[in-house]
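File shown: upload.cif. Contents: mmCIF, C-alpha atoms.
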data_work
loop_
_atom_site.label_atom_id
_atom_site.label_comp_id
_atom_site.auth_asym_id
_atom_site.auth_seq_id
_atom_site.Cartn_x
_atom_site.Cartn_y
_atom_site.Cartn_z
CA MET M 27 21.85 25.09 29.79
CA ILE M 28 23.14 22.29 31.99
CA TYR M 29 23.98 19.05 30.24
CA PRO M 30 23.66 15.76 32.06
CA ALA M 31 26.95 14.09 32.86
CA SER M 32 27.77 11.68 30.07
CA ASN M 33 30.71 9.79 28.69
CA LEU M 34 29.21 9.89 25.22
CA LEU M 35 31.14 11.70 22.52
CA PRO M 36 29.31 14.77 21.21
CA ALA M 37 27.64 13.76 17.98
CA THR M 38 28.36 15.38 14.65
CA ASN M 39 25.29 17.42 13.71
CA GLU M 40 23.02 16.01 11.09
CA ASP M 41 22.63 18.39 8.18
CA THR M 42 20.42 18.62 5.15
CA CYS M 43 21.42 16.54 2.14
CA GLY M 44 20.62 19.61 0.04
CA PRO M 45 18.97 19.52 -3.39
CA TYR M 46 21.82 17.77 -5.18
CA PHE M 47 22.13 14.30 -3.67
CA PRO M 48 24.06 12.64 -6.51
CA ILE M 49 21.99 10.51 -8.85
CA TYR M 50 25.36 8.89 -9.53
CA PHE M 51 25.12 7.12 -6.16
CA ALA M 52 21.89 5.35 -7.08
CA ASP M 53 22.00 1.57 -6.71
CA PRO M 54 19.36 -0.36 -8.69
CA ALA M 55 19.65 -3.23 -6.22
CA LEU M 56 18.28 -0.98 -3.50
CA GLU M 57 15.32 0.23 -5.57
CA ASN M 58 13.58 -3.13 -5.87
CA LEU M 59 13.60 -5.38 -2.83
CA THR M 60 12.01 -8.36 -4.56
CA ARG M 61 15.39 -9.48 -5.90
CA LEU M 62 18.98 -8.92 -4.86
CA ASP M 63 20.43 -7.49 -8.05
CA PRO M 64 19.14 -6.90 -11.55
CA GLY M 65 19.85 -9.90 -13.74
CA LEU M 66 20.04 -12.51 -11.02
CA VAL M 67 17.59 -15.36 -10.75
CA THR M 68 16.61 -14.58 -7.17
CA GLU M 69 13.21 -13.92 -5.71
CA ALA M 70 12.29 -12.89 -2.21
CA SER M 71 9.61 -15.01 -0.53
CA GLY M 72 6.25 -13.41 0.09
CA MET M 73 3.49 -11.51 -1.64
CA ARG M 74 4.84 -9.02 -4.13
CA ILE M 75 3.63 -5.49 -3.56
CA ILE M 76 4.36 -2.05 -4.92
CA LEU M 77 4.34 0.78 -2.41
CA ARG M 78 3.85 4.03 -4.26
CA GLY M 79 2.95 7.57 -3.45
CA ARG M 80 4.10 11.15 -3.30
CA VAL M 81 6.11 13.25 -0.91
CA LEU M 82 4.24 16.54 -0.50
CA ASP M 83 5.27 19.81 1.11
CA ARG M 84 3.32 22.21 3.31
CA HIS M 85 1.49 23.59 0.28
CA GLY M 86 0.57 20.22 -1.20
CA GLU M 87 3.27 20.50 -3.86
CA LEU M 88 5.52 17.59 -4.74
CA ALA M 89 8.77 17.71 -2.79
CA ASN M 90 11.42 17.23 -5.44
CA GLY M 91 14.89 15.75 -4.97
CA VAL M 92 14.01 13.69 -1.90
CA VAL M 93 16.03 10.67 -0.76
CA LEU M 94 13.89 7.87 0.67
CA GLU M 95 15.14 4.89 2.62
CA PHE M 96 13.07 1.84 3.48
CA TRP M 97 13.57 -0.87 6.06
CA GLN M 98 11.37 -3.88 6.64
CA ALA M 99 11.15 -7.42 7.90
CA ASN M 100 10.95 -10.36 5.51
CA ALA M 101 7.74 -12.26 4.81
CA LYS M 102 8.17 -14.16 8.08
CA GLY M 103 8.53 -11.00 10.14
CA VAL M 104 12.31 -11.28 10.67
CA TYR M 105 14.61 -8.27 10.19
CA ARG M 106 18.04 -8.98 8.76
CA THR M 107 20.35 -7.56 11.42
CA PRO M 108 23.47 -8.69 13.28
CA ALA M 109 21.08 -9.94 15.97
CA THR M 110 19.35 -12.37 13.60
CA GLU M 111 22.42 -13.78 11.84
CA GLY M 112 21.83 -17.46 11.19
CA HIS M 113 18.15 -17.24 12.17
CA GLU M 114 16.21 -20.10 10.61
CA ASP M 115 13.65 -17.74 9.10
CA ILE M 116 16.13 -15.51 7.27
CA ASP M 117 15.36 -15.31 3.57
CA THR M 118 18.60 -15.68 1.61
CA TRP M 119 17.21 -13.48 -1.15
CA PHE M 120 15.97 -10.62 0.97
CA TYR M 121 17.75 -7.89 2.93
CA GLY M 122 14.98 -5.39 3.56
CA TYR M 123 16.90 -2.14 3.07
CA GLY M 124 16.01 0.12 0.18
CA ARG M 125 17.11 3.55 -0.97
CA MET M 126 16.13 5.79 -3.82
CA ARG M 127 16.21 9.43 -4.81
CA THR M 128 13.07 10.74 -6.40
CA ALA M 129 13.57 13.70 -8.72
CA THR M 130 9.89 14.65 -8.78
CA GLY M 131 8.74 13.65 -5.30
CA ALA M 132 6.75 10.65 -6.56
CA TYR M 133 8.11 7.27 -5.57
CA GLU M 134 7.51 3.59 -6.21
CA LEU M 135 9.08 0.70 -4.31
CA PRO M 136 8.62 -2.86 -5.51
CA THR M 137 8.98 -5.12 -2.49
CA ILE M 138 7.20 -7.89 -0.61
CA MET M 139 4.56 -7.58 2.07
CA PRO M 140 6.49 -7.67 5.35
CA GLY M 141 5.46 -10.27 7.89
CA ALA M 142 4.37 -9.30 11.37
CA ALA M 143 7.19 -9.14 13.90
CA THR M 144 6.32 -10.17 17.44
CA GLY M 145 3.78 -7.76 18.89
CA ARG M 146 3.64 -5.68 15.73
CA ALA M 147 1.53 -5.19 12.67
CA PRO M 148 3.33 -5.48 9.32
CA ASN M 149 5.09 -2.20 8.52
CA ILE M 150 7.90 -0.56 6.62
CA THR M 151 10.14 2.06 8.23
CA VAL M 152 10.57 5.08 5.97
CA THR M 153 13.39 7.60 6.36
CA ILE M 154 13.21 10.89 4.48
CA PHE M 155 16.19 13.08 3.63
CA SER M 156 15.71 16.29 1.71
CA ASP M 157 16.82 19.82 1.15
CA GLY M 158 15.73 22.03 4.04
CA ILE M 159 15.49 19.26 6.65
CA ASN M 160 17.52 16.67 8.45
CA ARG M 161 16.27 13.12 8.39
CA VAL M 162 12.80 12.32 9.61
CA VAL M 163 11.42 8.83 10.12
CA THR M 164 8.08 7.09 10.34
CA GLN M 165 6.50 3.71 9.70
CA VAL M 166 3.87 2.81 7.12
CA PHE M 167 1.23 0.13 7.67
CA PHE M 168 -1.25 -1.62 5.36
CA ASP M 169 -5.04 -1.45 5.41
CA THR M 170 -5.39 -5.09 4.39
CA GLU M 171 -3.26 -6.52 7.18
CA ASP M 172 -4.18 -7.64 10.67
CA GLY M 173 -2.97 -6.12 13.91
CA ASN M 174 -3.14 -2.41 13.14
CA GLU M 175 -5.56 -1.78 16.02
CA SER M 176 -3.12 -3.09 18.60
CA ASP M 177 0.15 -1.90 17.06
CA PRO M 178 2.13 0.24 19.55
CA VAL M 179 3.44 2.67 16.92
CA LEU M 180 -0.02 3.30 15.52
CA GLN M 181 -1.27 3.73 19.06
CA ALA M 182 1.48 6.29 19.65
CA ALA M 183 0.15 8.22 16.66
CA GLY M 184 -3.25 8.47 18.37
CA GLU M 185 -6.02 9.97 16.28
CA GLU M 186 -3.60 10.50 13.44
CA ALA M 187 -2.83 6.79 13.10
CA PRO M 188 -4.89 6.49 9.88
CA ARG M 189 -2.35 8.79 8.21
CA LEU M 190 0.23 6.01 8.59
CA ILE M 191 -1.82 3.35 6.84
CA ALA M 192 -1.25 2.70 3.15
CA ARG M 193 -4.36 2.07 1.13
CA HIS M 194 -4.72 -0.98 -1.08
CA ASP M 195 -5.29 0.47 -4.52
CA GLY M 196 -7.52 -2.42 -5.61
CA ARG M 197 -5.37 -3.32 -8.56
CA THR M 198 -2.18 -5.05 -9.47
CA ALA M 199 0.80 -3.87 -11.47
CA SER M 200 3.31 -6.31 -12.94
CA GLY M 201 1.75 -9.00 -10.80
CA ALA M 202 2.13 -7.02 -7.57
CA GLU M 203 -0.56 -5.62 -5.31
CA VAL M 204 -0.43 -1.83 -5.30
CA TYR M 205 -0.55 0.19 -2.08
CA VAL M 206 -0.66 3.99 -1.97
CA PHE M 207 0.97 6.08 0.73
CA ASP M 208 1.53 9.83 0.50
CA ILE M 209 3.98 11.46 2.89
CA ILE M 210 2.92 14.94 3.91
CA MET M 211 5.93 16.73 5.30
CA ALA M 212 4.11 19.61 6.96
CA GLY M 213 0.79 21.40 7.21
CA ASP M 214 -2.73 20.01 6.98
CA ASN M 215 -2.81 16.26 7.45
CA GLU M 216 0.89 16.24 8.30
CA THR M 217 2.22 12.70 8.51
CA PRO M 218 3.11 11.69 12.07
CA PHE M 219 6.88 11.39 12.37
CA PHE M 220 8.93 9.77 15.11
CA ASP M 221 12.08 10.77 16.97
CA ASP M 222 14.83 8.18 16.52
CA LEU M 223 17.45 10.40 18.18
CA GLU M 224 15.63 11.03 21.46
CA SER M 225 13.64 7.81 21.75
CA MET Z 15 9.18 16.57 33.10
CA ALA Z 16 8.32 13.57 30.97
CA LYS Z 17 10.59 12.96 28.04
CA GLN Z 18 9.30 14.27 24.73
CA GLY Z 19 10.26 14.08 21.11
CA ARG Z 20 11.86 17.09 19.44
CA ILE Z 21 10.19 19.97 17.70
CA LEU Z 22 12.27 20.48 14.58
CA GLY Z 23 13.59 23.93 13.78
CA VAL Z 24 12.86 25.70 10.52
CA GLY Z 25 16.01 27.11 8.94
CA PRO Z 26 15.82 30.92 8.91
CA THR Z 27 15.62 32.34 5.35
CA ASP Z 28 15.41 28.79 3.97
CA ASN Z 29 12.25 28.49 1.86
CA THR Z 30 12.58 24.76 1.38
CA SER Z 31 12.95 24.28 5.11
CA ASP Z 32 9.73 26.24 5.60
CA GLN Z 33 7.96 24.04 3.05
CA ARG Z 34 9.20 20.69 4.30
CA THR Z 35 9.88 20.82 8.03
CA PRO Z 36 7.27 18.91 10.05
CA ARG Z 37 5.61 21.30 12.52
CA GLN Z 38 4.23 18.79 14.98
CA ARG Z 39 6.39 17.56 17.81
CA LEU Z 40 8.02 14.27 16.84
CA ARG Z 41 6.53 11.31 18.66
CA LEU Z 42 8.59 9.09 20.89
CA ILE Z 43 9.01 5.55 19.63
CA PRO Z 44 7.49 2.99 22.03
CA ASP Z 45 10.23 0.78 23.52
CA VAL Z 46 8.75 -2.41 22.09
CA ALA Z 47 9.04 -0.95 18.59
CA ARG Z 48 12.36 0.86 19.01
CA ALA Z 49 14.57 -1.75 17.33
CA SER Z 50 12.33 -1.80 14.25
CA PHE Z 51 13.41 1.80 13.57
CA VAL Z 52 17.04 0.75 13.10
CA PRO Z 53 17.79 0.06 9.46
CA VAL Z 54 20.88 -2.03 8.80
CA VAL Z 55 22.50 -1.14 5.50
CA PRO Z 56 23.92 -4.28 3.88
CA ALA Z 57 27.65 -3.88 3.23
CA ARG Z 58 27.58 -4.35 -0.51
CA TYR Z 59 28.88 -0.97 -1.52
CA ALA Z 60 30.14 0.12 -4.90
CA ALA Z 61 33.13 2.46 -5.14
CA ASN Z 62 35.53 2.95 -8.00
CA PRO Z 63 39.16 2.80 -6.85
CA HIS Z 64 40.06 6.31 -8.02
CA GLU Z 65 37.09 8.03 -6.40
CA TRP Z 66 39.02 8.96 -3.26
CA ASP Z 67 40.71 11.64 -5.40
CA MET Z 68 38.01 14.11 -6.38
CA THR Z 69 40.53 16.71 -7.58
CA CYS Z 70 40.41 15.14 -11.05
CA THR Z 71 37.87 13.13 -13.05
CA ALA Z 72 40.23 10.18 -13.58
CA PRO Z 73 43.83 9.42 -12.58
CA ASP Z 74 45.22 10.46 -15.99
CA ARG Z 75 43.26 13.70 -16.26
CA PRO Z 76 44.39 17.20 -15.22
CA ARG Z 77 43.52 18.69 -11.90
CA ALA Z 78 40.42 20.84 -11.61
CA ALA Z 79 40.68 24.57 -10.90
CA GLY Z 80 40.94 25.75 -7.34
CA VAL Z 81 42.64 24.62 -4.16
CA PRO Z 82 43.16 20.86 -3.75
CA ILE Z 83 42.58 19.68 -0.21
CA GLU Z 84 42.88 16.48 1.76
CA VAL Z 85 40.20 15.51 4.27
CA THR Z 86 40.85 12.77 6.80
CA GLY Z 87 39.09 11.67 9.92
CA ARG Z 88 37.80 8.87 12.03
CA LEU Z 89 34.25 7.57 12.15
CA ARG Z 90 32.98 6.51 15.56
CA THR Z 91 29.73 6.01 17.40
CA ALA Z 92 28.94 8.20 20.39
CA SER Z 93 30.10 5.37 22.65
CA GLY Z 94 33.54 5.57 21.02
CA ARG Z 95 33.48 2.46 18.89
CA ALA Z 96 35.20 2.84 15.53
CA VAL Z 97 32.87 2.12 12.62
CA ALA Z 98 34.89 -0.02 10.22
CA GLY Z 99 33.99 -0.73 6.61
CA ALA Z 100 31.48 2.12 6.42
CA LEU Z 101 30.71 3.88 3.17
CA LEU Z 102 31.24 7.63 2.87
CA GLU Z 103 29.51 9.12 -0.13
CA VAL Z 104 30.97 12.57 -0.73
CA TRP Z 105 29.76 15.35 -3.00
CA SER Z 106 30.73 18.98 -3.37
CA ALA Z 107 30.58 21.95 -5.67
CA ASN Z 108 33.52 22.95 -7.84
CA HIS Z 109 35.77 25.97 -7.32
CA TYR Z 110 33.05 28.20 -8.76
CA GLY Z 111 30.27 26.86 -6.55
CA ARG Z 112 28.63 24.71 -9.25
CA TYR Z 113 27.51 21.11 -8.87
CA ARG Z 114 27.78 18.83 -11.85
CA HIS Z 115 24.21 17.74 -11.15
CA ILE Z 116 21.54 17.77 -13.82
CA GLU Z 117 19.26 19.79 -11.54
CA ASP Z 118 21.78 22.55 -10.71
CA HIS Z 119 20.46 25.38 -12.89
CA SER Z 120 22.53 28.10 -11.25
CA GLY Z 121 24.42 28.84 -14.45
CA LEU Z 122 27.68 29.01 -12.54
CA GLN Z 123 30.79 27.81 -14.35
CA LEU Z 124 31.38 24.11 -14.87
CA ASP Z 125 34.92 22.76 -14.78
CA GLU Z 126 35.90 20.14 -17.36
CA ASN Z 127 38.11 18.48 -14.79
CA HIS Z 128 35.68 18.31 -11.92
CA LEU Z 129 32.95 15.81 -11.05
CA GLY Z 130 32.68 16.43 -7.33
CA LEU Z 131 31.64 12.85 -6.52
CA GLY Z 132 33.51 10.30 -4.49
CA ARG Z 133 33.01 7.18 -2.40
CA VAL Z 134 35.46 5.84 0.16
CA LEU Z 135 35.34 3.17 2.85
CA THR Z 136 36.56 3.45 6.42
CA ASP Z 137 39.40 1.14 7.43
CA ASP Z 138 39.44 -1.27 10.37
CA GLU Z 139 39.90 1.60 12.81
CA GLY Z 140 37.27 3.82 11.23
CA HIS Z 141 39.71 6.11 9.42
CA TYR Z 142 38.88 7.60 6.04
CA ARG Z 143 40.64 9.86 3.56
CA PHE Z 144 39.77 11.70 0.37
CA TRP Z 145 41.00 14.58 -1.76
CA ALA Z 146 38.69 17.26 -3.11
CA ILE Z 147 38.71 20.72 -4.57
CA SER Z 148 37.95 23.30 -1.92
CA PRO Z 149 34.37 24.12 -2.94
CA GLY Z 150 33.20 27.59 -3.83
CA ALA Z 151 30.52 29.38 -1.85
CA TYR Z 152 27.44 30.26 -3.87
CA LEU Z 153 24.60 32.74 -3.69
CA ALA Z 154 21.64 30.71 -2.45
CA ARG Z 155 19.18 33.58 -2.04
CA PRO Z 156 19.99 36.34 -4.55
CA ASP Z 157 16.90 38.27 -3.39
CA ILE Z 158 18.33 38.79 0.09
CA GLY Z 159 22.02 38.29 -0.67
CA ARG Z 160 22.35 35.14 1.43
CA TRP Z 161 25.23 32.81 0.51
CA ARG Z 162 25.76 29.17 1.22
CA PRO Z 163 29.17 28.91 2.84
CA LYS Z 164 31.61 26.47 1.28
CA HIS Z 165 30.83 22.96 2.41
CA ILE Z 166 31.33 19.30 1.55
CA HIS Z 167 28.38 16.89 1.75
CA MET Z 168 28.88 13.47 3.30
CA SER Z 169 26.49 10.57 3.60
CA ILE Z 170 27.66 7.82 5.93
CA SER Z 171 26.28 4.28 5.92
CA GLY Z 172 27.83 1.67 8.16
CA GLY Z 173 25.53 -1.08 9.39
CA SER Z 174 23.14 0.68 11.74
CA SER Z 175 25.23 3.88 11.76
CA ARG Z 176 23.59 6.34 9.41
CA LEU Z 177 24.29 10.04 9.06
CA ILE Z 178 24.01 12.71 6.41
CA THR Z 179 26.01 15.79 7.27
CA GLN Z 180 28.22 18.55 5.88
CA MET Z 181 31.75 19.65 6.68
CA TYR Z 182 32.22 23.41 6.80
CA PHE Z 183 35.41 25.49 6.81
CA PRO Z 184 36.54 27.63 9.74
CA GLY Z 185 36.58 31.39 9.47
CA GLU Z 186 34.27 31.60 6.48
CA PRO Z 187 32.24 34.81 6.49
CA ASN Z 188 29.03 33.08 5.39
CA ASN Z 189 28.99 30.48 8.15
CA ALA Z 190 27.17 32.78 10.55
CA THR Z 191 24.15 33.30 8.27
CA ASP Z 192 23.68 29.73 7.07
CA PRO Z 193 20.22 28.45 8.07
CA MET Z 194 21.38 25.01 9.10
CA ALA Z 195 24.40 26.38 10.96
CA ILE Z 196 22.07 28.72 12.86
CA LEU Z 197 19.94 25.76 13.90
CA MET Z 198 23.05 23.94 15.17
CA GLY Z 199 23.96 26.85 17.42
CA ASP Z 200 27.20 26.39 19.36
CA ALA Z 201 27.36 22.77 18.19
CA PHE Z 202 28.14 24.06 14.68
CA GLU Z 203 31.79 23.93 15.72
CA ARG Z 204 31.65 20.13 15.50
CA ASN Z 205 30.93 20.37 11.80
CA LEU Z 206 34.04 22.42 11.03
CA GLY Z 207 37.04 20.78 9.43
CA LYS Z 208 40.17 21.38 11.52
CA PRO Z 209 43.08 22.69 9.46
CA ARG Z 210 46.33 20.76 9.79
CA GLU Z 211 49.68 20.48 8.02
CA THR Z 212 49.50 18.79 4.63
CA GLY Z 213 52.52 16.59 5.30
CA THR Z 214 53.67 14.84 2.13
CA ALA Z 215 50.25 14.85 0.47
CA ASP Z 216 50.11 16.58 -2.91
CA VAL Z 217 47.52 19.13 -1.82
CA GLU Z 218 47.54 22.75 -0.69
CA GLU Z 219 45.38 22.44 2.41
CA ALA Z 220 44.46 19.59 4.73
CA TYR Z 221 41.66 19.14 7.27
CA ASP Z 222 40.76 16.65 9.98
CA PHE Z 223 37.08 15.93 10.31
CA ASP Z 224 36.24 13.29 12.89
CA ILE Z 225 32.65 12.11 12.66
CA VAL Z 226 30.56 10.84 15.55
CA VAL Z 227 27.26 9.16 14.75
CA GLY Z 228 24.88 9.97 17.59
CA GLY Z 229 21.54 8.57 18.65
CA ARG Z 230 20.73 5.02 19.63
CA ASN Z 231 20.54 3.56 16.15
CA ALA Z 232 24.28 3.50 15.74
CA THR Z 233 24.84 1.51 18.90
CA PHE Z 234 21.94 -0.92 18.71
CA PHE Z 235 23.99 -3.84 17.47
CA GLU Z 236 27.33 -3.04 19.12
#
Could you render the structure from this file as structure tokens?
Amino acid sequence: MIYPASNLLPATNEDTCGPYFPIYFADPALENLTRLDPGLVTEASGMRIILRGRVLDRHGELANGVVLEFWQANAKGVYRTPATEGHEDIDTWFYGYGRMRTATGAYELPTIMPGAATGRAPNITVTIFSDGINRVVTQVFFDTEDGNESDPVLQAAGEEAPRLIARHDGRTASGAEVYVFDIIMAGDNETPFFDDLES
Amino acid sequence: MAKQGRILGVGPTDNTSDQRTPRQRLRLIPDVARASFVPVVPARYAANPHEWDMTCTAPDRPRAAGVPIEVTGRLRTASGRAVAGALLEVWSANHYGRYRHIEDHSGLQLDENHLGLGRVLTDDEGHYRFWAISPGAYLARPDIGRWRPKHIHMSISGGSSRLITQMYFPGEPNNATDPMAILMGDAFERNLGKPRETGTADVEEAYDFDIVVGGRNATFFE
């Protein structure tokens, strides 16, 4: 195999996180994006939602011991990154990064409905780490929000785009609108995943 | 040929990998959406000051069984920039190959002086350091006699640099049959700790393990 000439350092290989990602490393502040830390009087702007669902394996069984990471824009569609430092639409009480380990494979993320970034439909980036795989990433959209038809990521998913759209569950929980999104790792109805190393 | 996303490999003899590895080719991210796939982890990390020393459960407690080692290295992006102030979350099995994790039902021996959990931050030049007990290998597939070689798990979060990986040990007989090592091919070498002199450190072995976070995410906000 001939490698293209490059000055880049060869990257350390990603590896599976294995079945024993320490529960000890859990951070409650990253498991509920509607407030910064438990016990603080802070509230993110926007409509409160709960994104919940299951991570399923090739046989439709729950995928236990999975680490999920979430990343989203605030209610005004602005991501909190070094590029948006000092942006007038930053929400002081919202970062947009979440992380949790689910023992069973079922998950529930209290957050706010992300706003639409320029040219995009509202979405949340989901990263999955688990035993047996290196990280895989995708984005989840919402069936109640505008812009899904013209979103470039959904278009890239082609006929399988509906698999990336969370369904409004038609009810509220703790004052939040509930959306349901199952992640199917492999097999029938496999969730479309994206390549953030090669793209 | 037009650029395409990867087809992920299934780890040979790894049942979980068979159950959970997506089979479809990964899709390329459209350019206009590329930046939205770059999570930035807020630097608000927790780490107890004694956690860099995983050879004991607390500074006043005895050392765990096995060989104490030091691991040091430098965290950089593929473009060579040091990643400062990044969090390394480290976990590993004890000398007997047992994790002190509520879901480890292997029945292998626990060690009253071993937690196997540590968090450290990189300094201004991306350097990190921790002590650990050299972990035991364990029988992952008793039915076919396949072992997991000794390894230390590391999860790295530093702004948009994100990596979960494992450090392996050179010359271990089980390296060659490890499913993930097989998928890495020749690049497995990058995930080996490099033995070095211990110097004045109160350990029996020492390893350098430089970490390079690849992909575009890590460099998006450089």
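With distances taken over all atoms listed in the file, Z:Pro36 is the one residue among Z:Gly172, Z:Gly207, Z:Pro193, Z:Pro36 lying closest to M:Thr164.
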TODO: Do me a favour and pick out the residues of chain M within 6 Å of chain Z, using only C-alpha atoms, as an NGL selection string.
DONE: :M and (34-35 or 37-38 or 40-41 or 83-84 or 97 or 158-159 or 211-212 or 219-221 or 223 or 225)
Put those residues in a file: C-alpha atoms, as a compact mmCIF listing (two decimals), keeping the file's coordinate frame.
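Here's the written file again.txt:
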# COMPACT_ATOMS: atom_id res chain seq x y z
CA LEU M 34 29.21 9.89 25.22
CA LEU M 35 31.14 11.70 22.52
CA ALA M 37 27.64 13.76 17.98
CA THR M 38 28.36 15.38 14.65
CA GLU M 40 23.02 16.01 11.09
CA ASP M 41 22.63 18.39 8.18
CA ASP M 83 5.27 19.81 1.11
CA ARG M 84 3.32 22.21 3.31
CA TRP M 97 13.57 -0.87 6.06
CA GLY M 158 15.73 22.03 4.04
CA ILE M 159 15.49 19.26 6.65
CA MET M 211 5.93 16.73 5.30
CA ALA M 212 4.11 19.61 6.96
CA PHE M 219 6.88 11.39 12.37
CA PHE M 220 8.93 9.77 15.11
CA ASP M 221 12.08 10.77 16.97
CA LEU M 223 17.45 10.40 18.18
CA SER M 225 13.64 7.81 21.75
Open item on the list: Starting from the PyMOL selection byres ((chain Z and resi 123-125) around 7), expand the selection into actual residues of this file and give them as a ChimeraX atom specification.
Closed with: /Z:78,110,112,121-122,126-128
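Residues in contact with M:Thr128 at 8 Å, where all atoms listed in the file are counted and same-chain residues fewer than 2 positions away are skipped, are listed as Asn90, Gly91, Val92, Val93, Leu94, Met126, Thr130, Gly131, Ala132 and Tyr133 of chain M.
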- [ ] May I ask which of the residues Z:Ser171, Z:Leu89, Z:Trp161, Z:Phe183 is the closest one to Z:Glu139, counting all atoms listed in the file?
- [x]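 Ranked by minimum distance to Z:Glu139, first place goes to Z:Leu89.
Atom to atom, atom CA of Z:Asp74 and atom CA of Z:Phe144 stand 17.3 Å apart.
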Quick one: stretch 29-45 of chain Z with N, CA and C atoms, as a PDB file, in the frame of the given file?
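So the final result, stored in result.pdb, reads:
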ATOM      1  N   ASN Z  29      13.619  28.739   2.322  1.00  0.00           N
ATOM      2  CA  ASN Z  29      12.250  28.490   1.860  1.00  0.00           C
ATOM      3  C   ASN Z  29      11.903  27.008   1.862  1.00  0.00           C
ATOM      4  N   THR Z  30      12.858  26.195   1.433  1.00  0.00           N
ATOM      5  CA  THR Z  30      12.580  24.760   1.380  1.00  0.00           C
ATOM      6  C   THR Z  30      12.355  24.207   2.780  1.00  0.00           C
ATOM      7  N   SER Z  31      13.127  24.708   3.728  1.00  0.00           N
ATOM      8  CA  SER Z  31      12.950  24.280   5.110  1.00  0.00           C
ATOM      9  C   SER Z  31      11.552  24.649   5.594  1.00  0.00           C
ATOM     10  N   ASP Z  32      11.085  25.819   5.223  1.00  0.00           N
ATOM     11  CA  ASP Z  32       9.730  26.240   5.600  1.00  0.00           C
ATOM     12  C   ASP Z  32       8.690  25.316   4.982  1.00  0.00           C
ATOM     13  N   GLN Z  33       8.937  24.875   3.758  1.00  0.00           N
ATOM     14  CA  GLN Z  33       7.960  24.040   3.050  1.00  0.00           C
ATOM     15  C   GLN Z  33       7.936  22.600   3.550  1.00  0.00           C
ATOM     16  N   ARG Z  34       9.081  22.132   4.064  1.00  0.00           N
ATOM     17  CA  ARG Z  34       9.200  20.690   4.300  1.00  0.00           C
ATOM     18  C   ARG Z  34       9.422  20.287   5.748  1.00  0.00           C
ATOM     19  N   THR Z  35       9.615  21.213   6.651  1.00  0.00           N
ATOM     20  CA  THR Z  35       9.880  20.820   8.030  1.00  0.00           C
ATOM     21  C   THR Z  35       8.576  20.474   8.753  1.00  0.00           C
ATOM     22  N   PRO Z  36       8.469  19.250   9.271  1.00  0.00           N
ATOM     23  CA  PRO Z  36       7.270  18.910  10.050  1.00  0.00           C
ATOM     24  C   PRO Z  36       7.114  19.886  11.212  1.00  0.00           C
ATOM     25  N   ARG Z  37       5.858  20.325  11.455  1.00  0.00           N
ATOM     26  CA  ARG Z  37       5.610  21.300  12.520  1.00  0.00           C
ATOM     27  C   ARG Z  37       5.218  20.640  13.831  1.00  0.00           C
ATOM     28  N   GLN Z  38       4.646  19.446  13.745  1.00  0.00           N
ATOM     29  CA  GLN Z  38       4.230  18.790  14.980  1.00  0.00           C
ATOM     30  C   GLN Z  38       5.452  18.247  15.710  1.00  0.00           C
ATOM     31  N   ARG Z  39       5.333  18.191  17.022  1.00  0.00           N
ATOM     32  CA  ARG Z  39       6.390  17.560  17.810  1.00  0.00           C
ATOM     33  C   ARG Z  39       6.540  16.106  17.368  1.00  0.00           C
ATOM     34  N   LEU Z  40       7.795  15.670  17.191  1.00  0.00           N
ATOM     35  CA  LEU Z  40       8.020  14.270  16.840  1.00  0.00           C
ATOM     36  C   LEU Z  40       7.536  13.389  17.987  1.00  0.00           C
ATOM     37  N   ARG Z  41       7.013  12.229  17.632  1.00  0.00           N
ATOM     38  CA  ARG Z  41       6.530  11.310  18.660  1.00  0.00           C
ATOM     39  C   ARG Z  41       7.664  10.407  19.117  1.00  0.00           C
ATOM     40  N   LEU Z  42       7.614  10.054  20.385  1.00  0.00           N
ATOM     41  CA  LEU Z  42       8.590   9.090  20.890  1.00  0.00           C
ATOM     42  C   LEU Z  42       8.222   7.698  20.372  1.00  0.00           C
ATOM     43  N   ILE Z  43       9.238   6.905  20.108  1.00  0.00           N
ATOM     44  CA  ILE Z  43       9.010   5.550  19.630  1.00  0.00           C
ATOM     45  C   ILE Z  43       8.796   4.644  20.849  1.00  0.00           C
ATOM     46  N   PRO Z  44       7.687   3.907  20.901  1.00  0.00           N
ATOM     47  CA  PRO Z  44       7.490   2.990  22.030  1.00  0.00           C
ATOM     48  C   PRO Z  44       8.655   1.981  22.119  1.00  0.00           C
ATOM     49  N   ASP Z  45       9.071   1.664  23.324  1.00  0.00           N
ATOM     50  CA  ASP Z  45      10.230   0.780  23.520  1.00  0.00           C
ATOM     51  C   ASP Z  45      10.120  -0.517  22.725  1.00  0.00           C
TER      52      ASP Z  45
END
